[in-house]
Every structure is written in C-alpha cells, then in structure tokens.
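Just input_9.cif here, mmCIF, C-alpha atoms and all ligand atoms:
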```
data_query
loop_
_atom_site.label_atom_id
_atom_site.label_comp_id
_atom_site.auth_asym_id
_atom_site.auth_seq_id
_atom_site.Cartn_x
_atom_site.Cartn_y
_atom_site.Cartn_z
CA MET A 1 -18.00 12.79 1.29
CA LEU A 2 -21.06 11.77 -0.70
CA PRO A 3 -21.19 8.15 -1.87
CA LEU A 4 -20.28 7.59 -5.51
CA VAL A 5 -22.76 5.76 -7.74
CA LEU A 6 -21.70 2.71 -9.76
CA TYR A 7 -24.00 1.43 -12.51
CA ASP A 8 -23.76 -2.35 -12.78
CA ILE A 9 -25.86 -5.18 -14.27
CA LEU A 10 -28.76 -6.93 -12.58
CA SER A 11 -28.90 -10.74 -12.49
CA ASP A 12 -30.77 -13.58 -10.81
CA LEU A 13 -27.75 -14.32 -8.62
CA PRO A 14 -27.98 -13.40 -4.94
CA GLY A 15 -26.20 -10.05 -4.58
CA ASN A 16 -25.79 -9.72 -8.39
CA ASN A 17 -22.13 -8.83 -8.94
CA TRP A 18 -21.20 -11.10 -11.82
CA SER A 19 -20.15 -8.89 -14.72
CA THR A 20 -16.44 -8.50 -15.54
CA ASN A 21 -16.24 -4.85 -16.57
CA PRO A 22 -18.24 -3.41 -13.65
CA ALA A 23 -16.20 -5.67 -11.33
CA LYS A 24 -13.09 -3.61 -12.13
CA PRO A 25 -14.32 -0.30 -10.63
CA ARG A 26 -16.10 -2.21 -7.85
CA PHE A 27 -12.79 -3.74 -6.74
CA VAL A 28 -11.07 -0.36 -7.01
CA LEU A 29 -13.72 1.55 -5.05
CA SER A 30 -13.74 -1.06 -2.34
CA TYR A 31 -9.93 -1.35 -2.23
CA LYS A 32 -9.62 2.41 -1.87
CA ASP A 33 -12.32 2.51 0.85
CA ILE A 34 -14.35 5.00 -1.19
CA PRO A 35 -18.03 5.02 -0.16
CA PHE A 36 -20.30 3.99 -3.03
CA VAL A 37 -23.72 2.66 -3.85
CA THR A 38 -24.65 0.46 -6.80
CA LEU A 39 -27.56 1.00 -9.15
CA TRP A 40 -28.38 -2.34 -10.78
CA VAL A 41 -29.58 -1.99 -14.37
CA GLU A 42 -31.40 -4.66 -16.43
CA TYR A 43 -29.06 -5.63 -19.27
CA SER A 44 -31.78 -4.89 -21.83
CA ASP A 45 -32.25 -1.39 -20.33
CA ILE A 46 -28.58 -0.35 -20.50
CA PRO A 47 -28.97 1.91 -23.60
CA ILE A 48 -32.12 3.65 -22.27
CA ALA A 49 -30.82 4.01 -18.71
CA MET A 50 -27.38 5.30 -19.72
CA LYS A 51 -28.81 7.75 -22.25
CA ALA A 52 -31.23 8.99 -19.59
CA ILE A 53 -28.44 9.93 -17.17
CA GLY A 54 -26.41 11.57 -19.95
CA ALA A 55 -23.56 9.02 -19.95
CA LYS A 56 -21.19 9.05 -22.88
CA PRO A 57 -21.49 6.06 -25.23
CA ASN A 58 -18.57 3.69 -25.67
CA LYS A 59 -17.23 2.59 -29.09
CA ARG A 60 -17.74 -0.77 -30.79
CA ARG A 61 -14.75 -2.29 -32.61
CA ASN A 62 -16.18 -0.92 -35.89
CA GLY A 63 -16.27 2.60 -34.39
CA SER A 64 -20.05 2.87 -33.90
CA ASP A 65 -21.57 4.01 -30.59
CA ILE A 66 -22.73 1.59 -27.91
CA TYR A 67 -24.04 2.38 -24.44
CA THR A 68 -22.29 0.25 -21.83
CA VAL A 69 -21.85 -0.17 -18.13
CA PRO A 70 -19.96 0.33 -15.92
CA VAL A 71 -20.63 4.04 -15.58
CA LEU A 72 -19.58 5.97 -12.50
CA SER A 73 -21.19 9.12 -11.18
CA ASP A 74 -19.28 11.12 -8.58
CA PRO A 75 -21.55 13.69 -6.90
CA ASN A 76 -18.50 15.20 -5.14
CA THR A 77 -17.00 16.44 -8.40
CA GLY A 78 -19.89 16.16 -10.87
CA ALA A 79 -17.95 13.63 -12.98
CA LEU A 80 -19.86 11.03 -15.00
CA ILE A 81 -17.52 8.47 -16.53
CA THR A 82 -18.04 5.60 -18.95
CA ASP A 83 -15.66 2.63 -19.31
CA SER A 84 -14.09 0.49 -16.61
CA LEU A 85 -10.48 1.58 -17.10
CA GLU A 86 -11.38 5.24 -17.58
CA ILE A 87 -13.18 4.97 -14.24
CA ALA A 88 -10.13 3.33 -12.67
CA SER A 89 -7.91 6.17 -13.97
CA TYR A 90 -10.33 8.78 -12.69
CA LEU A 91 -10.47 7.17 -9.25
CA GLU A 92 -6.68 6.97 -9.11
CA LYS A 93 -6.29 10.67 -9.98
CA THR A 94 -9.12 11.93 -7.79
CA TYR A 95 -8.59 9.62 -4.80
CA PRO A 96 -4.85 8.82 -4.90
CA GLU A 97 -4.68 7.12 -1.51
CA LYS A 98 -3.97 3.37 -1.77
CA PRO A 99 -2.61 3.48 -5.34
CA ILE A 100 -3.83 0.92 -7.84
CA PHE A 101 -1.19 1.61 -10.48
CA PRO A 102 2.07 1.37 -8.50
CA SER A 103 5.34 2.18 -10.29
CA ASN A 104 3.58 3.76 -13.29
CA SER A 105 2.06 0.39 -14.18
CA GLU A 106 -1.12 1.76 -15.77
CA PRO A 107 0.05 1.17 -19.39
CA GLN A 108 1.06 -2.39 -18.52
CA ILE A 109 -2.27 -3.06 -16.83
CA ARG A 110 -4.16 -1.58 -19.81
CA THR A 111 -2.17 -3.82 -22.16
CA PHE A 112 -3.00 -6.88 -20.08
CA ASP A 113 -6.66 -5.80 -19.97
CA SER A 114 -6.91 -5.69 -23.76
CA ALA A 115 -4.87 -8.87 -24.31
CA TYR A 116 -6.62 -11.14 -21.79
CA PRO A 117 -9.94 -11.54 -23.69
CA SER A 118 -8.04 -12.95 -26.67
CA LEU A 119 -6.81 -15.75 -24.40
CA ILE A 120 -10.29 -16.88 -23.40
CA ARG A 121 -12.07 -16.07 -26.66
CA PRO A 122 -11.72 -19.65 -28.02
CA ALA A 123 -13.72 -20.84 -25.00
CA ILE A 124 -16.09 -17.92 -24.66
CA LYS A 125 -19.23 -19.55 -26.09
CA PHE A 126 -19.93 -21.70 -23.08
CA ILE A 127 -19.37 -18.76 -20.71
CA LEU A 128 -21.81 -16.64 -22.74
CA ALA A 129 -24.32 -19.52 -22.64
CA ARG A 130 -24.00 -19.60 -18.84
CA CYS A 131 -24.51 -15.79 -18.67
CA THR A 132 -27.88 -16.13 -20.38
CA GLU A 133 -28.93 -18.49 -17.55
CA ILE A 134 -28.56 -15.81 -14.87
CA LEU A 135 -30.33 -12.98 -16.73
CA SER A 136 -34.05 -12.22 -17.01
CA PRO A 137 -35.64 -13.55 -20.24
CA ALA A 138 -35.71 -10.04 -21.77
CA SER A 139 -32.07 -9.40 -20.87
CA ALA A 140 -30.97 -12.86 -22.02
CA LYS A 141 -32.54 -12.16 -25.42
CA PHE A 142 -30.88 -8.72 -25.62
CA PHE A 143 -27.56 -10.17 -24.52
CA MET A 144 -27.69 -12.88 -27.20
CA GLY A 145 -28.53 -10.30 -29.85
CA ALA A 146 -25.73 -7.97 -28.75
CA ARG A 147 -22.97 -10.55 -28.27
CA SER A 148 -23.75 -12.79 -31.25
CA VAL A 149 -22.58 -9.99 -33.58
CA ASP A 150 -19.01 -10.86 -32.52
CA ILE A 151 -19.48 -14.44 -31.27
CA PRO A 152 -21.96 -16.17 -33.58
CA LEU A 153 -24.68 -18.44 -32.19
CA PRO A 154 -25.23 -21.26 -31.31
CA TRP A 155 -23.62 -21.11 -27.87
CA ASP A 156 -23.36 -24.45 -26.12
CA ALA A 157 -22.72 -24.69 -22.38
CA THR A 158 -21.81 -28.38 -22.43
CA ARG A 159 -18.75 -28.77 -24.68
CA ASP A 160 -15.82 -30.40 -22.80
CA ALA A 161 -13.42 -28.98 -25.40
CA ASP A 162 -14.21 -25.47 -24.15
CA TRP A 163 -12.92 -26.35 -20.68
CA GLU A 164 -9.61 -27.40 -22.21
CA LEU A 165 -9.40 -24.16 -24.20
CA LEU A 166 -10.24 -22.08 -21.13
CA GLU A 167 -7.54 -23.81 -19.13
CA LYS A 168 -5.06 -23.34 -21.98
CA GLY A 169 -5.83 -19.60 -22.05
CA HIS A 170 -5.22 -19.38 -18.33
CA ASN A 171 -1.96 -21.25 -18.60
CA THR A 172 -0.79 -18.51 -20.95
CA ALA A 173 -2.03 -15.79 -18.59
CA TYR A 174 -0.19 -17.56 -15.77
CA ASP A 175 2.98 -17.59 -17.85
CA TRP A 176 2.67 -13.86 -18.47
CA TYR A 177 2.60 -13.34 -14.75
CA GLN A 178 5.32 -15.83 -13.92
CA LYS A 179 7.87 -14.71 -16.44
CA ASN A 180 7.99 -11.13 -15.38
CA ILE A 181 11.58 -10.20 -16.08
CA ILE A 182 11.63 -7.28 -13.66
CA VAL A 183 10.64 -9.51 -10.78
CA ALA A 184 13.12 -12.10 -11.95
CA CYS A 185 15.96 -9.55 -11.91
CA TRP A 186 15.29 -8.82 -8.25
CA LEU A 187 15.00 -12.50 -7.51
CA LEU A 188 18.35 -13.05 -9.17
CA THR A 189 19.94 -10.53 -6.81
CA PHE A 190 18.27 -12.16 -3.81
CA LYS A 191 19.51 -15.57 -4.88
CA ARG A 192 23.06 -14.39 -5.52
CA VAL A 193 23.50 -11.93 -2.65
CA LEU A 194 21.59 -13.46 0.22
CA LYS A 195 22.74 -16.44 2.26
CA GLU A 196 21.61 -19.86 1.10
CA ASP A 197 19.10 -20.25 3.92
CA GLU A 198 17.76 -16.74 3.28
CA TRP A 199 17.12 -17.51 -0.38
CA ALA A 200 15.52 -20.81 0.72
CA ARG A 201 13.20 -18.76 2.88
CA ILE A 202 12.10 -16.58 -0.06
CA SER A 203 11.85 -19.68 -2.24
CA SER A 204 9.38 -21.20 0.21
CA TRP A 205 6.91 -18.32 -0.09
CA ASN A 206 3.76 -18.70 -2.20
CA GLY A 207 4.28 -22.41 -2.69
CA GLY A 208 7.68 -22.00 -4.31
CA LYS A 209 6.44 -19.46 -6.86
CA TRP A 210 9.42 -17.10 -6.75
CA ALA A 211 12.19 -19.63 -7.28
CA GLN A 212 10.11 -20.96 -10.16
CA VAL A 213 9.70 -17.45 -11.67
CA LEU A 214 13.46 -17.02 -11.71
CA ALA A 215 14.06 -20.52 -13.08
CA ASP A 216 11.48 -19.97 -15.84
CA VAL A 217 12.91 -16.61 -16.89
CA GLU A 218 16.45 -17.98 -16.83
CA LYS A 219 15.36 -20.89 -19.00
CA GLU A 220 13.33 -18.69 -21.35
CA CYS A 221 16.24 -16.25 -21.71
CA LYS A 222 18.73 -19.08 -22.11
CA LEU A 223 20.73 -18.03 -19.05
CA ALA A 224 20.01 -21.10 -16.94
N1 LIG B 1 -14.63 -1.22 -22.60
C1 LIG B 1 -15.82 -1.18 -21.82
C2 LIG B 1 -16.68 -2.36 -22.12
C3 LIG B 1 -17.97 -2.32 -21.33
C4 LIG B 1 -18.95 -3.37 -21.78
O1 LIG B 1 -18.80 -3.99 -22.83
N2 LIG B 1 -19.99 -3.55 -20.97
C5 LIG B 1 -21.02 -4.50 -21.29
C6 LIG B 1 -21.41 -5.23 -20.03
S1 LIG B 1 -20.04 -6.05 -19.27
C7 LIG B 1 -22.22 -3.72 -21.80
O2 LIG B 1 -22.63 -2.79 -21.16
N3 LIG B 1 -22.73 -4.09 -22.97
C8 LIG B 1 -23.87 -3.44 -23.56
C9 LIG B 1 -24.36 -4.18 -24.79
O3 LIG B 1 -23.85 -5.28 -25.03
O4 LIG B 1 -25.26 -3.65 -25.43
C10 LIG B 1 -15.44 -1.13 -20.33
O5 LIG B 1 -14.35 -1.58 -19.98
O6 LIG B 1 -16.22 -0.62 -19.53
#
```
Transcribe the structure of this file into structure tokens.
Ligand SMILES: N[C@@H](CCC(=O)N[C@@H](CS)C(=O)NCC(=O)O)C(=O)O
Amino acid sequence: MLPLVLYDILSDLPGNNWSTNPAKPRFVLSYKDIPFVTLWVEYSDIPIAMKAIGAKPNKRRNGSDIYTVPVLSDPNTGALITDSLEIASYLEKTYPEKPIFPSNSEPQIRTFDSAYPSLIRPAIKFILARCTEILSPASAKFFMGARSVDIPLPWDATRDADWELLEKGHNTAYDWYQKNIIVACWLLTFKRVLKEDEWARISSWNGGKWAQVLADVEKECKLA
C-alpha cells in the first residue's frame, strides 16, 4: 500500500502539528494504522498550493469559494479530498478496519463538530492571537486578514476574561458528554441489576465519572 498524503499547515513549532482541522484526519490515519506522509504548507500559500494540486475549494459561510487544508491525496485510489470530515468519511469507507464511527455515530459526531466552535467562539480572540505567534510573518499576516473577516481585530492574547469564557465553553462541552442519555440508560440497568459491590466497582472507574453521569441525567430528567 502506498502512503497517503496529508496536507497540513507549517508552523514554527517543533514538529508542526498544531492546526485543529488537519488534526482530525491525522488522528484518524494514525488510529487506523494507515501509512501516510505529511506535506506542510505555509498558511499564506494554501490557495496557490491547493489550486496547483487540483483540490476542490471549500465553501465560506456566505457560499463563496475558499481553498483550505486539510486535503488528503490517496495514490491507491486516486482520490483527492477536501475537508476534514469528508476525509474522515472517506477513510472510514475505504479503510473500514478500526471503525471511527461506531454504532452509526457519524451524524452525532458531525453535529458535535459543528456545534463545538460556537462554545469557544466568545474566547477565540486570544487563541487566534496566539496562532499568529507560531506562524511565519507572511502567514501571520495572511491569517489575520482571513480570520478577521469573521472575528474582527484587534485580537488580544492577554485578557483574563477570555480564560473564563474558554473554561465556560468547555464546561458546556463536558456536560454534553456527561449527560448522554444512552449511556445513562445502560448505567441505570447496571445500577439496578448488578450487586451493590459490582455497581460500586463500575462507579469507581474514571474517577467516579459513570455514577455521576447517571446522577446528572436522573437529575436533569427529574427522575432522581
Ligand atoms: N470545514 C473545513 C475547514 C478547513 C479550514 O478552515 N482550514 C483552515 C486551516 S485550519 C484553512 O485552510 N483556512 C484557509 C484560509 O483561511 O484562507 C474542514 O473541516 O476541513
């Protein structure tokens, strides 16, 4: 099998590997033990480089075209795919071993993927400011131009309030994970059907997470 090629973004960090969207297919490729190489692209060169290889543009929120990474090229099939989740779907279909969407969870994962940025958006300015610090001057300038369309300048990396907002966003994300009703339904059965010491055993896993999940769902659903 020929190694697949992942297009990702260059940075000043040792080993690069910092950008959220390319991280998704990188995790998937690695998880599935699929051989791949990475081509690191300067942020400011993304449109030129992606056009040059014939990658499809992505869409901005207003419907206009934008060239983005990640892009994946698979020399084994000839596929050239734009967009992190489209790549994940392709990898799942083409290389089904070690599934990444168990129990038909792809729609749920896609929903989470599109909802998560709204949780951290109130705190995004200081993250964007930090990103400019790890890019080359040309890429930092390009990045500021591209991102300030949606998130207006100035970006300030020092506001304490942003830390609070980031933590608040993650508390919500944590809640989404904790209060998974399907998991809670199983936990309910375990609690009711298993012996007391057996349920205590499950309750002790992951720092008490599972008993807490059930308690939270019961409380939320007013069945406590
Ligand atoms: N929905 C796309 C978004 C990709 C995306 O926005 N990539 C950024 C880097 S993380 C990019 O290439 N931006 C180009 C630009 O801002 O001009 C995906 O999931 O791949």
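Near ligand LIG 1 (chain B), at distances of 8 Å or less and with only C-alpha atoms and all ligand atoms counted, sit the residues A:Ile9, A:Ser19, A:Thr20, A:Asn21, A:Pro22, A:Tyr43, A:Ser44, A:Ile46, A:Pro47, A:Asn58, A:Lys59, A:Ile66, A:Tyr67, A:Thr68, A:Val69, A:Pro70, A:Val71, A:Thr82, A:Asp83, A:Ser84, A:Leu85, A:Glu86, A:Phe142, A:Phe143, A:Ala146, A:Arg147.
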Output C-alpha atoms for every residue in the selection just made, as a CSV table (one decimal), in the frame of the given file.
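File produced: result_14.csv:
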```csv
chain,number,residue,atom,x,y,z
A,9,ILE,CA,-25.9,-5.2,-14.3
A,19,SER,CA,-20.2,-8.9,-14.7
A,20,THR,CA,-16.4,-8.5,-15.5
A,21,ASN,CA,-16.2,-4.8,-16.6
A,22,PRO,CA,-18.2,-3.4,-13.6
A,43,TYR,CA,-29.1,-5.6,-19.3
A,44,SER,CA,-31.8,-4.9,-21.8
A,46,ILE,CA,-28.6,-0.4,-20.5
A,47,PRO,CA,-29.0,1.9,-23.6
A,58,ASN,CA,-18.6,3.7,-25.7
A,59,LYS,CA,-17.2,2.6,-29.1
A,66,ILE,CA,-22.7,1.6,-27.9
A,67,TYR,CA,-24.0,2.4,-24.4
A,68,THR,CA,-22.3,0.2,-21.8
A,69,VAL,CA,-21.8,-0.2,-18.1
A,70,PRO,CA,-20.0,0.3,-15.9
A,71,VAL,CA,-20.6,4.0,-15.6
A,82,THR,CA,-18.0,5.6,-19.0
A,83,ASP,CA,-15.7,2.6,-19.3
A,84,SER,CA,-14.1,0.5,-16.6
A,85,LEU,CA,-10.5,1.6,-17.1
A,86,GLU,CA,-11.4,5.2,-17.6
A,142,PHE,CA,-30.9,-8.7,-25.6
A,143,PHE,CA,-27.6,-10.2,-24.5
A,146,ALA,CA,-25.7,-8.0,-28.8
A,147,ARG,CA,-23.0,-10.6,-28.3
```
If you take all atoms listed in the file and a cut-off of 10 Å, which residues of segment 114-145 of chain A touch segment 169-177 of chain A, and what are their nearest atom pairs and distances in Å to one decimal, in chain and number order, as a Markdown table?
```
| residue | atom | partner | partner_atom | distance |
| --- | --- | --- | --- | --- |
| A:Ala115 | CA | A:Ala173 | CA | 9.4 |
| A:Tyr116 | CA | A:Ala173 | CA | 7.3 |
| A:Pro117 | CA | A:Gly169 | CA | 9.2 |
| A:Ser118 | CA | A:Gly169 | CA | 8.4 |
| A:Leu119 | CA | A:Gly169 | CA | 4.6 |
| A:Ile120 | CA | A:Gly169 | CA | 5.4 |
| A:Arg121 | CA | A:Gly169 | CA | 8.5 |
| A:Pro122 | CA | A:Gly169 | CA | 8.4 |
| A:Ala123 | CA | A:Gly169 | CA | 8.5 |
```
Emit the selected residues as a short mmCIF file (atom, residue, chain, number, x, y, z; two decimals), in the frame of the given file, including C-alpha atoms.
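Contents of the output file part-v3.cif:
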```cif
data_model
loop_
_atom_site.label_atom_id
_atom_site.label_comp_id
_atom_site.auth_asym_id
_atom_site.auth_seq_id
_atom_site.Cartn_x
_atom_site.Cartn_y
_atom_site.Cartn_z
CA ALA A 115 -4.87 -8.87 -24.31
CA TYR A 116 -6.62 -11.14 -21.79
CA PRO A 117 -9.94 -11.54 -23.69
CA SER A 118 -8.04 -12.95 -26.67
CA LEU A 119 -6.81 -15.75 -24.40
CA ILE A 120 -10.29 -16.88 -23.40
CA ARG A 121 -12.07 -16.07 -26.66
CA PRO A 122 -11.72 -19.65 -28.02
CA ALA A 123 -13.72 -20.84 -25.00
#
```
**Message:** Here is a test: counting all atoms listed in the file, which residue of A:Arg192, A:Cys131, A:Val183, A:Phe112 is nearest to Trp210 of chain A?
**Reply:**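 Of A:Arg192, A:Cys131, A:Val183, A:Phe112, the one nearest Trp210 of chain A is A:Val183, counting all atoms listed in the file.
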*Tell me, as a ChimeraX atom specification, which residues lie within 12 Å of Leu80 of chain A, counting all atoms listed in the file; anything in the same chain fewer than 4 positions away does not count.*
/A:4-7,50-51,53-57,69-76,86-87,90-91
Might you pull out every residue within 8 Å of Leu135 of chain A, with only C-alpha atoms counted and same-chain residues fewer than 6 positions away left off, and present them as a PDB file with C-alpha atoms, in the frame of the given file?
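Now in part36.pdb:
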```
ATOM      1  CA  LEU A  10     -28.760  -6.930 -12.580  1.00  0.00           C
ATOM      2  CA  SER A  11     -28.900 -10.740 -12.490  1.00  0.00           C
ATOM      3  CA  ASP A  12     -30.770 -13.580 -10.810  1.00  0.00           C
ATOM      4  CA  TYR A  43     -29.060  -5.630 -19.270  1.00  0.00           C
TER       5      TYR A  43
END
```
Using only C-alpha atoms, the best pick from A:Phe27, A:Trp155, A:Trp18, A:Phe36 as closest to Lys125 of chain A would be A:Trp155
Residues near Asp156 of chain A, anyone? I mean within 10 Å using only C-alpha atoms, not counting same-chain ones fewer than 6 positions away, as a ChimeraX atom specification.
/A:124-130,162
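Using only C-alpha atoms, the contacts of Phe101 of chain A at a cut-off of 12 Å, with sequence neighbours closer than 2 positions omitted, comprise Val28, Leu85, Ala88, Ser89, Tyr90, Leu91, Glu92, Lys93, Pro96, Glu97, Lys98, Pro99, Ser103, Asn104, Ser105, Glu106, Pro107, Gln108, Ile109 and Arg110 of chain A.
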Given 3 Å of margin on each side, can you work out the centre and size in Å (one decimal) of an axis-aligned box holding every listed atom of segment 201-209 of chain A, as lines of an AutoDock Vina configuration file?
```
center_x = 8.5
center_y = -19.5
center_z = -2.0
size_x = 15.4
size_y = 11.8
size_z = 15.7
```
Quick one: pull the distance between atom CA of Glu218 of chain A and atom CA of Trp186 of chain A, Å, one decimal.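 Separation of atom CA of Glu218 of chain A and atom CA of Trp186 of chain A: 12.6 Å.
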Residues around (-27.6, -17.4, -27.5), cut-off 6 Å, counting only C-alpha atoms - what are they as a PyMOL selection string? chain A and resi 144+153-155
Exercise. Can you pull out every residue within 12 Å of Ser203 of chain A, counting only C-alpha atoms, but drop anything in the same chain fewer than 4 positions away, and send it as a PyMOL selection string?
Key: chain A and resi 187-188+190-191+194+196-199+207-215
What separates atom CA of Asn206 of chain A and atom CA of Asn17 of chain A is a distance of 28.5 Å
Fill in: Proximity to Ala140 of chain A - best of A:Asp160, A:Glu220, A:Asp113, A:Glu42, all atoms listed in the file
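That would be A:Glu42, the residue with the smallest distance to Ala140 of chain A.
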Å distance separating atom CA of Asp216 of chain A from atom CA of Ile181 of chain A, one decimal place =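 For atom CA of Asp216 of chain A relative to atom CA of Ile181 of chain A, the distance reads 9.8 Å.
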- prompt: From the set A:Ile134, A:Met1, A:Ile34, A:Ile81, which residue has the shortest atom-to-atom contact distance to Asn16 of chain A, counting only C-alpha atoms?
  reply: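 Checking each of A:Ile134, A:Met1, A:Ile34, A:Ile81 against Asn16 of chain A, counting only C-alpha atoms, the winner is A:Ile134.
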Restore N, CA and C atoms in segment 169-197 of chain A and list the result as a compact mmCIF listing (two decimals), in the frame of the given file.
```
# COMPACT_ATOMS: atom_id res chain seq x y z
N GLY A 169 -5.93 -21.07 -22.11
CA GLY A 169 -5.83 -19.60 -22.05
C GLY A 169 -5.28 -19.13 -20.72
N HIS A 170 -5.70 -19.79 -19.65
CA HIS A 170 -5.22 -19.38 -18.33
C HIS A 170 -3.79 -19.80 -18.09
N ASN A 171 -3.38 -20.88 -18.72
CA ASN A 171 -1.96 -21.25 -18.60
C ASN A 171 -1.09 -20.16 -19.21
N THR A 172 -1.55 -19.60 -20.33
CA THR A 172 -0.79 -18.51 -20.95
C THR A 172 -0.79 -17.28 -20.04
N ALA A 173 -1.96 -16.95 -19.50
CA ALA A 173 -2.03 -15.79 -18.59
C ALA A 173 -1.09 -16.00 -17.40
N TYR A 174 -1.06 -17.22 -16.90
CA TYR A 174 -0.19 -17.56 -15.77
C TYR A 174 1.28 -17.35 -16.16
N ASP A 175 1.60 -17.79 -17.37
CA ASP A 175 2.98 -17.59 -17.85
C ASP A 175 3.33 -16.11 -17.91
N TRP A 176 2.39 -15.31 -18.40
CA TRP A 176 2.67 -13.86 -18.47
C TRP A 176 3.03 -13.32 -17.10
N TYR A 177 2.32 -13.81 -16.11
CA TYR A 177 2.60 -13.34 -14.75
C TYR A 177 3.91 -13.88 -14.22
N GLN A 178 4.14 -15.18 -14.49
CA GLN A 178 5.32 -15.83 -13.92
C GLN A 178 6.61 -15.26 -14.48
N LYS A 179 6.60 -15.04 -15.80
CA LYS A 179 7.87 -14.71 -16.44
C LYS A 179 8.07 -13.20 -16.52
N ASN A 180 7.79 -12.56 -15.43
CA ASN A 180 7.99 -11.13 -15.38
C ASN A 180 9.48 -10.87 -15.13
N ILE A 181 10.12 -10.33 -16.15
CA ILE A 181 11.58 -10.20 -16.08
C ILE A 181 12.03 -9.27 -14.97
N ILE A 182 11.23 -8.22 -14.71
CA ILE A 182 11.63 -7.28 -13.66
C ILE A 182 11.68 -7.98 -12.31
N VAL A 183 10.66 -8.76 -12.03
CA VAL A 183 10.64 -9.51 -10.78
C VAL A 183 11.82 -10.48 -10.76
N ALA A 184 12.05 -11.12 -11.89
CA ALA A 184 13.12 -12.10 -11.95
C ALA A 184 14.49 -11.46 -11.67
N CYS A 185 14.68 -10.22 -12.13
CA CYS A 185 15.96 -9.55 -11.91
C CYS A 185 16.21 -9.34 -10.41
N TRP A 186 15.16 -8.97 -9.70
CA TRP A 186 15.29 -8.82 -8.25
C TRP A 186 15.55 -10.18 -7.60
N LEU A 187 14.83 -11.16 -8.08
CA LEU A 187 15.00 -12.50 -7.51
C LEU A 187 16.43 -13.00 -7.72
N LEU A 188 16.98 -12.66 -8.88
CA LEU A 188 18.35 -13.05 -9.17
C LEU A 188 19.30 -12.46 -8.12
N THR A 189 19.11 -11.17 -7.83
CA THR A 189 19.94 -10.53 -6.81
C THR A 189 19.77 -11.23 -5.46
N PHE A 190 18.52 -11.49 -5.10
CA PHE A 190 18.27 -12.16 -3.81
C PHE A 190 19.01 -13.49 -3.76
N LYS A 191 18.90 -14.23 -4.86
CA LYS A 191 19.51 -15.57 -4.88
C LYS A 191 21.03 -15.48 -4.77
N ARG A 192 21.60 -14.48 -5.46
CA ARG A 192 23.06 -14.39 -5.52
C ARG A 192 23.65 -13.73 -4.28
N VAL A 193 22.92 -12.76 -3.71
CA VAL A 193 23.50 -11.93 -2.65
C VAL A 193 23.17 -12.46 -1.25
N LEU A 194 21.99 -13.00 -1.11
CA LEU A 194 21.59 -13.46 0.22
C LEU A 194 22.22 -14.81 0.54
N LYS A 195 22.22 -15.13 1.83
CA LYS A 195 22.74 -16.44 2.26
C LYS A 195 21.82 -17.54 1.74
N GLU A 196 22.38 -18.74 1.65
CA GLU A 196 21.61 -19.86 1.10
C GLU A 196 20.28 -20.07 1.82
N ASP A 197 20.35 -20.00 3.18
CA ASP A 197 19.10 -20.25 3.92
C ASP A 197 18.12 -19.08 3.78
```
